[in-house]
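Peer 1: The structure file input.cif (mmCIF, C-alpha atoms) is provided below.
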data_upload
#
loop_
_atom_site.label_atom_id
_atom_site.label_comp_id
_atom_site.auth_asym_id
_atom_site.auth_seq_id
_atom_site.Cartn_x
_atom_site.Cartn_y
_atom_site.Cartn_z
CA MET A 1 129.04 94.01 91.64
CA ASP A 2 125.39 93.12 91.32
CA PRO A 3 123.08 95.80 89.99
CA ILE A 4 121.06 97.66 92.55
CA ASN A 5 117.56 96.30 93.12
CA TRP A 6 115.46 99.44 93.21
CA HIS A 7 112.56 97.76 94.94
CA THR A 8 114.92 96.82 97.77
CA LEU A 9 116.43 100.29 97.87
CA PHE A 10 113.04 101.95 98.27
CA PHE A 11 111.95 99.29 100.73
CA LEU A 12 114.99 100.02 102.89
CA LEU A 13 114.33 103.75 102.64
CA PHE A 14 110.68 103.53 103.72
CA ALA A 15 111.34 100.80 106.31
CA GLY A 16 114.17 102.85 107.82
CA ILE A 17 111.98 105.95 108.05
CA ALA A 18 109.05 104.00 109.50
CA CYS A 19 111.12 102.21 112.14
CA ALA A 20 113.28 105.22 113.06
CA PHE A 21 110.31 107.49 113.62
CA ALA A 22 108.40 104.77 115.47
CA LEU A 23 111.36 104.60 117.85
CA GLY A 24 111.32 108.41 117.92
CA VAL A 25 107.74 108.28 119.18
CA VAL A 26 108.87 106.02 122.00
CA PHE A 27 111.93 107.97 123.06
CA SER A 28 110.60 111.51 122.70
CA SER A 29 108.91 112.87 125.78
CA ASN A 30 107.39 115.92 124.09
CA VAL A 31 103.86 115.02 123.01
CA VAL A 32 103.81 117.48 120.09
CA ARG A 33 106.97 115.93 118.65
CA MET A 34 105.55 112.46 119.22
CA ALA A 35 102.50 113.33 117.11
CA PHE A 36 104.73 114.64 114.32
CA PHE A 37 106.97 111.55 114.40
CA LEU A 38 103.89 109.32 114.30
CA ILE A 39 102.61 111.08 111.18
CA ILE A 40 105.92 110.53 109.38
CA SER A 41 106.13 106.92 110.51
CA LEU A 42 102.63 106.09 109.28
CA ALA A 43 103.16 107.91 105.98
CA ALA A 44 106.31 105.83 105.40
CA THR A 45 104.24 102.73 106.17
CA ALA A 46 101.93 103.75 103.34
CA GLY A 47 105.01 103.72 101.11
CA LEU A 48 105.72 100.16 102.27
CA PHE A 49 102.16 99.19 101.34
CA PHE A 50 102.62 100.61 97.84
CA LEU A 51 105.86 98.64 97.49
CA ALA A 52 104.03 95.45 98.49
CA GLY A 53 101.55 95.97 95.65
CA ALA A 54 98.70 97.04 97.94
CA ASP A 55 97.88 100.28 96.17
CA PHE A 56 94.37 100.73 97.57
CA VAL A 57 95.38 99.95 101.15
CA GLY A 58 98.31 102.34 100.85
CA ALA A 59 96.04 105.11 99.56
CA MET A 60 93.55 104.47 102.36
CA GLN A 61 96.40 104.52 104.86
CA LEU A 62 97.27 108.02 103.65
CA VAL A 63 93.70 109.27 103.40
CA LEU A 64 92.11 107.71 106.48
CA TYR A 65 95.02 107.25 108.84
CA VAL A 66 97.36 110.12 108.15
CA GLY A 67 94.66 112.47 106.92
CA GLY A 68 91.91 111.53 109.36
CA THR A 69 92.89 109.70 112.51
CA LEU A 70 96.17 111.49 113.07
CA VAL A 71 94.65 114.91 112.44
CA LEU A 72 92.14 114.00 115.16
CA LEU A 73 95.05 113.05 117.41
CA VAL A 74 96.84 116.30 116.63
CA PHE A 75 93.68 118.22 117.57
CA GLY A 76 93.65 116.31 120.85
CA VAL A 77 97.26 117.30 121.43
CA MET A 78 96.51 120.95 120.66
CA LEU A 79 93.48 121.01 122.98
CA THR A 80 95.40 119.60 125.92
CA ALA A 81 98.85 121.09 125.33
CA GLN A 82 99.15 123.06 128.55
CA SER A 83 102.74 123.57 129.62
CA PRO A 84 102.86 120.96 132.43
CA PHE A 85 101.43 118.24 130.15
CA ILE A 86 103.49 118.77 127.00
CA SER A 87 106.30 116.64 128.33
CA ILE A 88 105.55 114.31 131.22
CA ARG A 89 108.67 112.38 132.07
CA THR A 90 108.68 108.66 132.69
CA SER A 91 110.61 107.45 135.71
CA GLY A 92 113.85 105.53 135.20
CA GLY A 93 112.52 102.30 136.68
CA ASP A 94 109.67 102.26 134.17
CA TRP A 95 112.15 102.70 131.33
CA ILE A 96 114.27 99.77 132.50
CA LEU A 97 111.23 97.53 132.83
CA ALA A 98 109.90 98.63 129.42
CA ALA A 99 113.29 98.09 127.78
CA LEU A 100 113.40 94.60 129.28
CA VAL A 101 109.92 93.69 128.04
CA GLY A 102 110.38 95.35 124.64
CA GLY A 103 113.80 93.78 124.15
CA SER A 104 112.53 90.30 124.92
CA MET A 105 109.54 90.79 122.62
CA LEU A 106 111.89 91.83 119.80
CA ALA A 107 114.16 88.90 120.61
CA ILE A 108 111.20 86.58 120.07
CA LEU A 109 109.59 88.30 117.08
CA VAL A 110 112.65 88.99 114.90
CA PRO A 111 114.01 85.41 114.81
CA THR A 112 110.46 84.23 114.13
CA ALA A 113 110.21 86.66 111.22
CA LEU A 114 113.53 85.39 109.87
CA MET A 115 112.31 81.80 110.13
CA ILE A 116 109.30 82.51 107.89
CA GLY A 117 111.39 82.28 104.74
CA GLU A 118 112.67 78.87 105.78
CA ARG A 119 109.22 77.57 106.59
CA ALA A 120 108.68 76.41 103.02
CA ASN A 121 111.96 74.53 103.26
CA MET A 122 110.81 72.13 105.90
CA PRO A 123 109.85 69.13 103.73
CA SER A 124 113.26 69.14 102.08
CA ALA A 125 114.98 69.52 105.43
CA GLU A 126 113.13 66.44 106.66
CA ALA A 127 114.15 64.58 103.54
CA ASP A 128 117.76 65.53 104.23
CA ALA A 129 117.44 64.25 107.77
CA THR A 130 116.11 60.90 106.59
CA THR A 131 118.90 60.57 104.03
CA ARG A 132 121.42 61.27 106.69
CA ALA A 133 119.80 58.79 109.04
CA GLU A 134 120.06 56.00 106.46
CA PRO A 135 123.27 54.04 106.42
CA PRO A 136 125.27 54.95 103.29
CA GLY A 137 124.45 53.02 100.16
CA ALA A 138 121.11 51.79 101.46
CA ILE A 139 118.10 52.70 99.32
CA GLN A 140 116.98 55.02 96.57
CA PRO A 141 113.33 56.13 97.16
CA VAL A 142 114.44 58.79 99.61
CA VAL A 143 116.56 60.38 96.93
CA MET A 144 113.54 60.44 94.65
CA ALA A 145 111.54 62.14 97.35
CA LYS A 146 114.32 64.67 97.66
CA GLU A 147 114.22 65.51 93.98
CA GLU A 148 110.55 66.33 94.14
CA PRO A 149 110.45 70.12 93.94
CA THR A 150 109.48 71.74 97.20
CA VAL A 151 108.12 75.23 97.48
CA ALA A 152 111.52 76.62 98.33
CA MET A 153 113.14 75.13 95.21
CA LEU A 154 110.58 76.58 92.83
CA PRO A 155 111.80 79.76 91.20
CA PRO A 156 109.89 82.82 92.33
CA VAL A 157 106.81 83.15 90.17
CA PRO A 158 106.91 86.48 88.33
CA VAL A 159 103.88 88.56 89.18
CA GLU A 160 102.57 91.62 87.48
CA SER A 161 101.23 94.57 89.35
CA ARG A 162 97.49 94.89 89.03
CA PRO A 163 95.31 97.56 90.61
CA THR A 164 93.47 96.01 93.54
CA ALA A 165 90.72 98.58 94.10
CA THR A 166 88.10 96.84 91.92
CA ASN A 167 88.75 93.45 93.49
CA ILE A 168 88.53 94.87 97.00
CA GLY A 169 85.28 96.67 96.20
CA GLN A 170 83.79 93.49 94.74
CA ALA A 171 84.95 91.49 97.76
CA LEU A 172 83.23 93.96 100.08
CA ILE A 173 79.92 93.52 98.30
CA GLY A 174 80.28 89.76 98.32
CA VAL A 175 81.91 88.67 95.06
CA ARG A 176 85.47 87.44 95.05
CA VAL A 177 86.40 88.11 91.45
CA ASP A 178 89.96 87.00 92.17
CA LYS A 179 88.77 83.53 93.21
CA LEU A 180 86.22 82.73 90.50
CA GLU A 181 88.55 80.27 88.78
CA GLU A 182 89.87 78.79 91.98
CA THR A 183 89.99 74.99 91.66
CA ASN A 184 91.32 74.25 95.13
CA GLU A 185 88.23 73.33 97.14
CA ARG A 186 89.70 74.59 100.40
CA LYS A 187 90.49 78.01 99.01
CA ARG A 188 87.03 78.34 97.44
CA ALA A 189 85.61 78.51 100.95
CA GLY A 190 86.23 82.25 101.13
CA LEU A 191 84.28 82.90 97.96
CA ALA A 192 81.40 84.46 99.86
CA GLY A 193 83.37 87.65 100.35
CA TYR A 194 83.05 90.17 103.11
CA VAL A 195 79.45 91.44 103.10
CA MET A 196 78.81 90.52 106.72
CA PRO A 197 81.99 92.08 108.19
CA PHE A 198 81.37 95.12 106.00
CA GLU A 199 77.87 95.60 107.42
CA VAL A 200 79.06 94.99 110.98
CA ILE A 201 81.83 97.51 110.62
CA SER A 202 79.47 100.09 109.10
CA ILE A 203 77.09 99.88 112.06
CA HIS A 204 80.06 99.85 114.43
CA LEU A 205 81.45 103.01 112.89
CA LEU A 206 78.08 104.76 113.09
CA VAL A 207 77.57 103.83 116.74
CA VAL A 208 81.13 104.80 117.62
CA LEU A 209 80.89 108.21 115.99
CA VAL A 210 77.55 108.98 117.65
CA GLY A 211 79.02 107.85 120.96
CA ALA A 212 82.14 109.93 120.50
CA ALA A 213 80.11 113.01 119.67
CA PHE A 214 77.95 112.44 122.74
CA LEU A 215 80.93 111.87 125.04
CA ALA A 216 82.76 114.95 123.85
CA ARG A 217 79.68 117.16 124.08
CA ALA A 218 77.84 116.28 127.30
CA ARG A 219 80.49 117.45 129.72
CA ARG A 220 80.94 120.86 128.19
CA ARG A 221 77.27 121.72 128.68
CA ALA A 222 77.39 120.59 132.31
CA LYS A 223 80.44 122.74 132.85
CA SER A 224 78.79 125.84 131.38
CA ARG A 225 75.74 125.29 133.59
CA PHE A 226 78.10 125.11 136.52
CA ALA A 227 79.72 128.35 135.37
CA ASP A 228 76.31 130.04 135.19
CA ALA A 229 75.49 128.91 138.73
CA ALA A 230 78.81 130.23 139.96
CA MET B 1 125.52 96.27 102.68
CA LEU B 2 125.86 96.08 98.89
CA SER B 3 124.48 92.54 98.82
CA LEU B 4 121.57 93.82 100.90
CA LEU B 5 120.81 96.28 98.11
CA SER B 6 120.89 93.73 95.29
CA GLU B 7 118.85 90.99 97.00
CA PRO B 8 115.09 91.02 96.47
CA VAL B 9 112.87 91.92 99.41
CA GLY B 10 111.24 88.96 101.09
CA LEU B 11 108.41 88.39 103.49
CA SER B 12 110.70 88.41 106.53
CA HIS B 13 111.88 91.96 105.80
CA TYR B 14 108.31 93.18 106.11
CA LEU B 15 107.71 91.07 109.19
CA ILE B 16 110.75 92.63 110.88
CA VAL B 17 109.43 96.12 110.16
CA GLY B 18 106.06 95.07 111.57
CA ALA B 19 107.75 93.62 114.66
CA VAL B 20 109.72 96.82 115.30
CA MET B 21 106.61 98.96 114.97
CA PHE B 22 104.61 96.63 117.19
CA VAL B 23 107.23 96.60 119.94
CA SER B 24 107.65 100.39 119.76
CA GLY B 25 103.89 100.75 120.16
CA ALA B 26 103.74 98.33 123.08
CA VAL B 27 106.61 100.06 124.88
CA CYS B 28 104.99 103.44 124.12
CA MET B 29 101.70 102.28 125.63
CA ALA B 30 103.47 101.03 128.73
CA THR B 31 105.78 103.95 129.44
CA LYS B 32 103.93 107.11 128.41
CA ARG B 33 102.11 108.92 131.18
CA ASN B 34 100.37 111.27 128.77
CA ALA B 35 97.06 109.72 127.72
CA LEU B 36 97.60 110.87 124.14
CA GLY B 37 100.98 109.10 124.15
CA VAL B 38 99.18 105.88 125.05
CA LEU B 39 96.82 106.46 122.11
CA MET B 40 99.79 106.91 119.79
CA GLY B 41 101.20 103.61 121.06
CA ILE B 42 97.93 101.91 120.11
CA GLU B 43 98.13 103.40 116.62
CA LEU B 44 101.67 102.06 116.23
CA VAL B 45 100.64 98.57 117.36
CA LEU B 46 97.74 98.48 114.90
CA ASN B 47 100.04 99.62 112.12
CA GLY B 48 102.60 96.96 112.91
CA ALA B 49 99.85 94.37 112.58
CA ASN B 50 98.70 96.00 109.35
CA VAL B 51 102.19 95.73 107.84
CA ASN B 52 102.08 92.00 108.51
CA PHE B 53 98.63 91.60 106.94
CA VAL B 54 99.66 93.43 103.80
CA ALA B 55 102.95 91.53 103.60
CA PHE B 56 101.21 88.15 103.84
CA GLY B 57 98.68 89.28 101.26
CA SER B 58 101.25 90.52 98.77
CA ASP B 59 101.97 88.54 95.62
CA PHE B 60 105.39 90.18 95.35
CA LEU B 61 106.79 88.90 98.62
CA ALA B 62 105.61 85.32 98.84
CA ARG B 63 107.87 82.85 97.10
CA ASN B 64 104.83 81.16 95.68
CA PRO B 65 101.61 83.20 95.40
CA ASN B 66 99.53 80.08 95.99
CA TYR B 67 100.61 80.17 99.61
CA GLY B 68 99.80 83.82 100.25
CA ILE B 69 96.50 85.03 101.61
CA GLY B 70 96.03 87.33 98.63
CA LEU B 71 93.24 89.85 98.72
CA ASP B 72 92.09 88.76 102.19
CA GLY B 73 95.12 90.47 103.67
CA HIS B 74 94.24 93.74 101.95
CA VAL B 75 90.61 93.64 103.08
CA ILE B 76 91.54 92.84 106.68
CA ALA B 77 94.08 95.67 106.63
CA LEU B 78 91.29 98.02 105.52
CA PHE B 79 89.09 96.82 108.36
CA VAL B 80 91.94 97.45 110.80
CA ILE B 81 92.35 101.00 109.48
CA VAL B 82 88.63 101.72 109.91
CA LEU B 83 88.58 100.20 113.41
CA ALA B 84 91.62 102.29 114.34
CA ALA B 85 89.79 105.43 113.23
CA ALA B 86 86.74 104.50 115.32
CA GLU B 87 88.90 103.65 118.32
CA ALA B 88 90.81 106.92 118.07
CA ALA B 89 87.56 108.92 117.96
CA VAL B 90 86.12 107.30 121.09
CA ALA B 91 89.40 107.30 123.00
CA LEU B 92 89.98 110.95 122.17
CA ALA B 93 86.48 111.83 123.37
CA ILE B 94 87.15 110.01 126.64
CA VAL B 95 90.53 111.70 127.05
CA LEU B 96 89.06 115.16 126.46
CA ASN B 97 86.28 114.39 128.92
CA PHE B 98 88.85 113.30 131.48
CA TYR B 99 90.82 116.47 130.82
CA ASN B 100 87.74 118.63 131.31
CA ASN B 101 86.88 116.89 134.58
CA HIS B 102 90.29 116.60 136.16
CA ALA B 103 92.30 119.37 134.44
CA THR B 104 95.11 116.91 133.83
CA ILE B 105 96.01 114.36 131.17
CA ASP B 106 98.42 112.27 133.23
CA VAL B 107 97.09 108.71 133.30
CA ASP B 108 98.79 108.15 136.67
CA LYS B 109 96.36 110.69 138.15
CA ALA B 110 93.36 108.68 136.94
CA ASP B 111 93.11 106.65 140.13
CA GLU B 112 89.77 107.78 141.51
CA LEU B 113 88.47 104.21 141.51
CA LYS B 114 91.49 103.00 143.48
CA GLY B 115 90.48 101.30 146.73
#
Now that the file is in, can you turn its structure into structure tokens?

Peer 2:
Amino acid sequence: MDPINWHTLFFLLFAGIACAFALGVVFSSNVVRMAFFLIISLAATAGLFFLAGADFVGAMQLVLYVGGTLVLLVFGVMLTAQSPFISIRTSGGDWILAALVGGSMLAILVPTALMIGERANMPSAEADATTRAEPPGAIQPVVMAKEEPTVAMLPPVPVESRPTATNIGQALIGVRVDKLEETNERKRAGLAGYVMPFEVISIHLLVVLVGAAFLARARRRAKSRFADAA
Amino acid sequence: MLSLLSEPVGLSHYLIVGAVMFVSGAVCMATKRNALGVLMGIELVLNGANVNFVAFGSDFLARNPNYGIGLDGHVIALFVIVLAAAEAAVALAIVLNFYNNHATIDVDKADELKG
């Protein structure tokens, strides 16, 4: 028996939790339970990020998403959790339609995801096709083309885990330290980094938060004025 | 099952997880009548996309790191997380406003503009 690959074991653990609780969010009709399932699902996703070597993104997933956004959502649930709204049932027809749409989407996405691994294979598959198309004993150059190593034949390049936080911070202020020695001209194009998107997203966040504060506040004052009049 | 445990994890494993989360989120958005349930569906969809970004950007999963998107995937995933936070704040403000005005949170009741 082959030894257990611990990376795979933990991947299966986190992926199982993430998918199971995502499905739990769909099939539960109680909104408080849905919020709880969502928290667990997103926390397990952070584990998946750590396993993929994205330590900073995983940490931000925990801090911003689970610690920030979902707490906001839970507050929303608590503010509106009156007994008729805690569980609003969906009609059976809607479920059938949703199952149809969701099932067909999965039926498209999962085979596509499985094809990704074979994508690198394609040159060699074409070479095989041409060899098969040739009459037997015809010519040799095709065989030479076949022996040229394709991406799929290369052994997986061993990578070491490096912390990504510094590189991400440098990329956000406009220096791609991970691409300084890039010789490929096409891949050097992204060397400028992400200053512009970073600025845009900063302004966007500011505007959105001011807008959210305004939206949540204006109505309450109008209501209290109405209460005074009444 | 045992061979599943000894094989290394590839890109397609992550993509399948992302697909399942995306489809759960889409179905959640379509079926829930509670406005907060719709918001949770959006969060799931964004996270499914994020799983794909991180998977494509990971050096561990690609067979050849030269073909991955490297750090770009991480940075885009961070942008998605920040945008999701902003979206949740605004959507929650709108939902609470709707709740204050109409004393309900059922999106099927939000048909005042219906002709």

Peer 1: How far is it from CA of Ala52 (chain A) to CA of Gly10 (chain B), in Å with one decimal?

Peer 2: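 Taking CA of Ala52 (chain A) and CA of Gly10 (chain B), their separation equals 10.0 Å.
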
Peer 1: Please, what is the axis-aligned box for every listed atom of region 2-21 of chain B with 5 Å on each side, as centre and edge lengths in Å to one decimal, as lines of an AutoDock Vina configuration file?

Peer 2:
center_x = 116.0
center_y = 93.7
center_z = 105.3
size_x = 29.8
size_y = 20.6
size_z = 30.0

Peer 1: Just say which residues the PyMOL selection byres ((chain B and resi 47) around 8) picks in this file, as a list of chain:residue names.

Peer 2: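 After applying the PyMOL selection byres ((chain B and resi 47) around 8), what remains is A:Leu42, A:Thr45, B:Gly18, B:Met21, B:Phe22, B:Glu43, B:Leu44, B:Val45, B:Leu46, B:Gly48, B:Ala49, B:Asn50, B:Val51.
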
Peer 1: Excluding region 90-95 of chain A and its own-chain neighbours fewer than 4 positions away, which residues fall within 7 Å of it when counting all atoms listed in the file? Please give them as a ChimeraX atom specification.

Peer 2: /A:99 /B:31-33

Peer 1: Residues within 8 Å of region 4-9 of chain A, please, as a list in words. Count all atoms listed in the file; anything in the same chain fewer than 6 positions from it doesn't count.

Peer 2: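 Those residues are Leu51 of chain A; Leu4, Leu5, Ser6, Glu7, Pro8 and Val9 of chain B.
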
Peer 1: Using CA of Ala84 (chain B) and CA of Ser58 (chain B) as the two end points, give the distance in Å to one decimal.

Peer 2: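 Going from CA of Ala84 (chain B) over to CA of Ser58 (chain B), I get 21.8 Å.
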
Peer 1: Care to translate the PyMOL selection byres ((chain A and resi 47) around 9) into actual residues of this file, as an MDAnalysis selection string?

Peer 2: chainID A and resid 10:11 14:15 42:46 48:52 58

Peer 1: Could you write those residues out with C-alpha atoms, as a PDB file, keeping the file's coordinate frame?

Peer 2:
ATOM      1  CA  PHE A  10     113.040 101.950  98.270  1.00  0.00           C
ATOM      2  CA  PHE A  11     111.950  99.290 100.730  1.00  0.00           C
ATOM      3  CA  PHE A  14     110.680 103.530 103.720  1.00  0.00           C
ATOM      4  CA  ALA A  15     111.340 100.800 106.310  1.00  0.00           C
ATOM      5  CA  LEU A  42     102.630 106.090 109.280  1.00  0.00           C
ATOM      6  CA  ALA A  43     103.160 107.910 105.980  1.00  0.00           C
ATOM      7  CA  ALA A  44     106.310 105.830 105.400  1.00  0.00           C
ATOM      8  CA  THR A  45     104.240 102.730 106.170  1.00  0.00           C
ATOM      9  CA  ALA A  46     101.930 103.750 103.340  1.00  0.00           C
ATOM     10  CA  LEU A  48     105.720 100.160 102.270  1.00  0.00           C
ATOM     11  CA  PHE A  49     102.160  99.190 101.340  1.00  0.00           C
ATOM     12  CA  PHE A  50     102.620 100.610  97.840  1.00  0.00           C
ATOM     13  CA  LEU A  51     105.860  98.640  97.490  1.00  0.00           C
ATOM     14  CA  ALA A  52     104.030  95.450  98.490  1.00  0.00           C
ATOM     15  CA  GLY A  58      98.310 102.340 100.850  1.00  0.00           C
TER      16      GLY A  58
END

Peer 1: Skipping near chain neighbours, those fewer than 6 positions away, what residues fall within 12 Å of Ile108 (chain A) using all atoms listed in the file, listed as a PyMOL selection string?

Peer 2: (chain A and resi 101-102+114-115) or (chain B and resi 16+19-20+23)

Peer 1: Using the chain letters and numbers from the file, which residues does the PyMOL selection byres ((chain A and resi 68-73) around 8) grab, as a list in words?

Peer 2: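 Applying the expression gives Ala35, Ile39, Val63, Leu64, Tyr65, Val66, Gly67, Val74, Phe75, Gly76 and Val77 of chain A; Leu36, Ala84, Ala85, Ala88, Ala89 and Leu92 of chain B.
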
Peer 1: Given the choices A:Leu23, A:Val175, A:Ala59, A:Met196, which gets closest to chain B if the distance is worked out from only C-alpha atoms?

Peer 2: A:Leu23

Peer 1: For a quick check of understanding, using all atoms listed in the file, which of A:Ala18, A:Gln82, A:Glu160, A:Ala192 has the smallest distance to Leu172 (chain A)?

Peer 2: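 Checking each candidate against Leu172 (chain A), we get A:Ala192 as the closest.
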
Peer 1: I'd like the interatomic distance between CA of Thr166 (chain A) and CA of His204 (chain A), to a tenth of an Å.

Peer 2: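 Going from CA of Thr166 (chain A) over to CA of His204 (chain A) covers 24.1 Å.
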
Peer 1: Quick one: of B:Ile76, B:Ile69, B:Val17, B:Ala35, who's nearest to chain A, counting only C-alpha atoms?

Peer 2: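 Ranked by minimum distance to chain A, first place goes to B:Val17.
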
Peer 1: Considering all atoms listed in the file, state which residue in the set B:Asp111, B:Cys28, B:Val95, B:Val38 is at the smallest distance from chain A.

Peer 2: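 Nearest candidate to chain A out of B:Asp111, B:Cys28, B:Val95, B:Val38: B:Cys28.
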
Peer 1: Output requested as a PDB file, in the coordinates of the input - region 40-55 of chain A, filled out with N, CA and C atoms.

Peer 2:
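Result went into out31.pdb, see below:
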ATOM      1  N   ILE A  40     104.903 110.930 110.364  1.00  0.00           N
ATOM      2  CA  ILE A  40     105.920 110.530 109.380  1.00  0.00           C
ATOM      3  C   ILE A  40     106.027 109.006 109.317  1.00  0.00           C
ATOM      4  N   SER A  41     105.988 108.375 110.480  1.00  0.00           N
ATOM      5  CA  SER A  41     106.130 106.920 110.510  1.00  0.00           C
ATOM      6  C   SER A  41     104.996 106.250 109.738  1.00  0.00           C
ATOM      7  N   LEU A  42     103.760 106.728 109.949  1.00  0.00           N
ATOM      8  CA  LEU A  42     102.630 106.090 109.280  1.00  0.00           C
ATOM      9  C   LEU A  42     102.613 106.410 107.785  1.00  0.00           C
ATOM     10  N   ALA A  43     103.084 107.592 107.411  1.00  0.00           N
ATOM     11  CA  ALA A  43     103.160 107.910 105.980  1.00  0.00           C
ATOM     12  C   ALA A  43     104.193 107.010 105.297  1.00  0.00           C
ATOM     13  N   ALA A  44     105.313 106.743 105.972  1.00  0.00           N
ATOM     14  CA  ALA A  44     106.310 105.830 105.400  1.00  0.00           C
ATOM     15  C   ALA A  44     105.752 104.419 105.299  1.00  0.00           C
ATOM     16  N   THR A  45     104.887 104.043 106.250  1.00  0.00           N
ATOM     17  CA  THR A  45     104.240 102.730 106.170  1.00  0.00           C
ATOM     18  C   THR A  45     103.371 102.640 104.927  1.00  0.00           C
ATOM     19  N   ALA A  46     102.711 103.758 104.582  1.00  0.00           N
ATOM     20  CA  ALA A  46     101.930 103.750 103.340  1.00  0.00           C
ATOM     21  C   ALA A  46     102.832 103.467 102.153  1.00  0.00           C
ATOM     22  N   GLY A  47     104.050 104.025 102.166  1.00  0.00           N
ATOM     23  CA  GLY A  47     105.010 103.720 101.110  1.00  0.00           C
ATOM     24  C   GLY A  47     105.328 102.232 101.057  1.00  0.00           C
ATOM     25  N   LEU A  48     105.470 101.611 102.230  1.00  0.00           N
ATOM     26  CA  LEU A  48     105.720 100.160 102.270  1.00  0.00           C
ATOM     27  C   LEU A  48     104.564  99.389 101.654  1.00  0.00           C
ATOM     28  N   PHE A  49     103.320  99.861 101.911  1.00  0.00           N
ATOM     29  CA  PHE A  49     102.160  99.190 101.340  1.00  0.00           C
ATOM     30  C   PHE A  49     102.196  99.278  99.812  1.00  0.00           C
ATOM     31  N   PHE A  50     102.539 100.464  99.308  1.00  0.00           N
ATOM     32  CA  PHE A  50     102.620 100.610  97.840  1.00  0.00           C
ATOM     33  C   PHE A  50     103.655  99.649  97.285  1.00  0.00           C
ATOM     34  N   LEU A  51     104.796  99.522  97.975  1.00  0.00           N
ATOM     35  CA  LEU A  51     105.860  98.640  97.490  1.00  0.00           C
ATOM     36  C   LEU A  51     105.437  97.180  97.527  1.00  0.00           C
ATOM     37  N   ALA A  52     104.501  96.832  98.424  1.00  0.00           N
ATOM     38  CA  ALA A  52     104.030  95.450  98.490  1.00  0.00           C
ATOM     39  C   ALA A  52     102.918  95.193  97.488  1.00  0.00           C
ATOM     40  N   GLY A  53     102.588  96.174  96.660  1.00  0.00           N
ATOM     41  CA  GLY A  53     101.550  95.970  95.650  1.00  0.00           C
ATOM     42  C   GLY A  53     100.158  96.239  96.164  1.00  0.00           C
ATOM     43  N   ALA A  54     100.030  96.773  97.382  1.00  0.00           N
ATOM     44  CA  ALA A  54      98.700  97.040  97.940  1.00  0.00           C
ATOM     45  C   ALA A  54      98.382  98.513  97.716  1.00  0.00           C
ATOM     46  N   ASP A  55      98.031  98.855  96.479  1.00  0.00           N
ATOM     47  CA  ASP A  55      97.880 100.280  96.170  1.00  0.00           C
ATOM     48  C   ASP A  55      96.697 100.902  96.893  1.00  0.00           C
TER      49      ASP A  55
END
